[in-house]
Amino acid sequence: MYIGIWVHPKDLCLDVLERTFSNIVGFLGGNAISVFMNNMNFTKMNLLFTYDGKAIGYSSRAGGLFFEPNAKLYRATSIRPYRYRELLCFDLRHVVNRAYSYGLEVVAHVNCLNMGLEGNMHYMVDDRGEPVLYGGAWVCPLDPNVRRYLIGLTEDLATREEVAEIEIGEYWHPISPLMRDRITCFCKYCRIEAKDRGINLDSIISRMRKDDLSSKMRRFMNKVGEEPFEEAFTFRNYDKLKSLVRYGNISEFINFRIQTTTELLDDMVTTAHDYGVRVSALVPPPDIARSLGVDYRAISKMVNVVKPVLYHRMLRRDVKWFSKQCVKARKLSNGIGYPAIMVLEGMNLREIMLTARKALDTWKEGIMIHSYSLASLEELEIVKNAINEYEKRRSKSSFWSFFKF
């Protein structure tokens, strides 16, 4: 069974590396870790790799992107903790080698459309023309520089023998404009591409304002204050997003987002597959996927594995809702993959146990845990107990089914 876990850069610094791997393998029984290979600005820490005593990836010129496409990002270095402008760095090759010694597979996680940038050259903008900054700097999938960066990074990762899989995340359109009762993206690249496809974005904006889409969406959720920065990546505007999908006057815009996002992923996946590297993709809960520009069926045909990110509690939903989303995700993705569940301090142990059980009962192939940094050893042990319980039930079922035939 596949048991994966996302690992924060600070838990891979050399002074805590052995403890991290020991806990993942010993308490959880994990066999794979997902490591963030490009910037993680929402954690206020970038994952930096060093060579020749230099740090790469922290500084960028105004409007520039982290890393130049096709740059050689990782080289062998001296094994030592490295600190650069208060950011922790480490030697990737050493981390990978130690992970393999624990029997852990290393997955390279790529944040696509959410980056930390200086300037606003590549930002998405909402229908009011304002840059989308909440929860990080969101960049447009149609920006040629963004595409070159992501395809170049994919190619560079795919040539690394140490990387077993490339995991694509944050490629959907951001939720943050909905927090301001707006919609994205209407930047110059979107306008050019939409015009080429016969779509008039100005007309869509006009209809939205005329029909007061904001007020139509607002009635689907209670009035809430602005969310804390660290919660910007959750799906708290779930009801707004569901209503957005049903809103017929902008259906062509949602389809446009889906097409352009899917095309970007297709280019990245093709690049990785050219080098024989498998690719997985995170996908949001099925009920809100389309409004974020995510087509389950199309993506499941491209990638080797899909990983539905089914956050419990962050959506203010119960375990029953979680179970239904698991079933829907499995059907939409043709069953290729395993769900990613959130384990947080805010969840009690019973909720963690039930969530893990539901995920395993639905998917069976495996499970992803988000994330090592957010879970205590006690919570990891609860997940492990759920996995052990499931494997015992499956083993018992297989034993009796043998005698039936």
# chains A, B, ... in the order shown; residues from 1 in each chain; ligands from 1
$ select_by_dssp --residues "range 237-356 of chain A" --states "helix (DSSP H, G or I)" --output "PyMOL selection string"
chain A and resi 238-246+248-274+286-292+296-302+319-332+349-356
$ residues_around --residues "Ala272 in chain A" --least-positions-apart "4" --cutoff "7 Å" --atoms "only C-alpha atoms" --output "number ranges by chain"
A: 154-155, 158, 268, 276-278
$ write_last_selection --atoms "C-alpha atoms" --output "PDB file, in the first residue's frame"
ATOM      1  CA  THR A 154       9.718  19.939 -15.205  1.00  0.00           C
ATOM      2  CA  GLU A 155      12.418  19.011 -17.696  1.00  0.00           C
ATOM      3  CA  ALA A 158      12.800  14.778 -14.959  1.00  0.00           C
ATOM      4  CA  MET A 268       4.287  19.581 -18.388  1.00  0.00           C
ATOM      5  CA  GLY A 276      10.220   8.287 -18.532  1.00  0.00           C
ATOM      6  CA  VAL A 277       9.220   9.964 -15.265  1.00  0.00           C
ATOM      7  CA  ARG A 278       5.754   9.349 -13.853  1.00  0.00           C
TER       8      ARG A 278
END
$ closest_atom_pairs --of "range 85-175 of chain A" --to "range 237-261 of chain A" --cutoff "12 Å" --atoms "only C-alpha atoms" --output "CSV"
residue,atom,partner,partner_atom,distance
A:Cys112,CA,A:Thr261,CA,10.4
A:Leu113,CA,A:Thr261,CA,9.9
A:Asp127,CA,A:Phe253,CA,11.8
A:Val139,CA,A:Thr261,CA,11.8
A:Cys140,CA,A:Thr261,CA,9.3
A:Pro141,CA,A:Thr261,CA,6.4
A:Leu142,CA,A:Thr260,CA,7.1
A:Asp143,CA,A:Thr260,CA,10.8
A:Arg147,CA,A:Thr261,CA,10.8
A:Gly169,CA,A:Thr261,CA,11.8
A:Glu170,CA,A:Thr261,CA,10.8
A:Tyr171,CA,A:Thr261,CA,7.1
A:Trp172,CA,A:Thr261,CA,6.9
A:His173,CA,A:Arg257,CA,7.9
A:Pro174,CA,A:Leu241,CA,11.0
A:Ile175,CA,A:Asn237,CA,7.4
$ residues_around --residues "Ala281 in chain A" --least-positions-apart "2" --cutoff "8 Å" --atoms "only C-alpha atoms" --output "ChimeraX atom specification"
/A:167-169,279,283,299,303,305-307
$ residues_around --residues "Ala164 in chain A" --least-positions-apart "3" --cutoff "8 Å" --atoms "only C-alpha atoms" --output "PyMOL selection string"
chain A and resi 105-108+161+277-278
$ write_last_selection --atoms "C-alpha atoms" --output "compact mmCIF listing (two decimals), in the first residue's frame"
# COMPACT_ATOMS: atom_id res chain seq x y z
CA GLU A 105 10.68 7.24 -2.42
CA VAL A 106 11.21 10.93 -3.21
CA VAL A 107 8.47 12.82 -5.08
CA ALA A 108 9.22 16.29 -6.48
CA GLU A 161 17.85 10.21 -11.31
CA VAL A 277 9.22 9.96 -15.26
CA ARG A 278 5.75 9.35 -13.85
$ select_by_dssp --residues "range 84-302 of chain A" --states "strand (DSSP E)" --output "NGL selection string"
:A and (84 or 87-90 or 105-111 or 114-115 or 137-138 or 165-169 or 278-283)
$ residues_around --residues "Ser376 in chain A" --least-positions-apart "2" --cutoff "12 Å" --atoms "only C-alpha atoms" --output "list of chain:residue names"
A:Thr20, A:Asn23, A:Ile24, A:Phe27, A:Leu28, A:Val343, A:Leu344, A:Glu345, A:Gly346, A:Met347, A:Asn348, A:Leu349, A:Ile352, A:His370, A:Ser371, A:Tyr372, A:Ser373, A:Leu374, A:Glu378, A:Glu379, A:Leu380, A:Glu381, A:Ile382, A:Val383
$ residues_around --residues "range 319-336 of chain A" --least-positions-apart "6" --cutoff "12 Å" --atoms "only C-alpha atoms" --output "PyMOL selection string"
chain A and resi 280-289+294-313+342+347+350-367
$ atom_distance --atom1 "CA of Phe186 in chain A" --atom2 "CA of Leu265 in chain A"
19.9 Å
$ atom_distance --atom1 "CA of Cys13 in chain A" --atom2 "CA of Ala99 in chain A"
12.7 Å
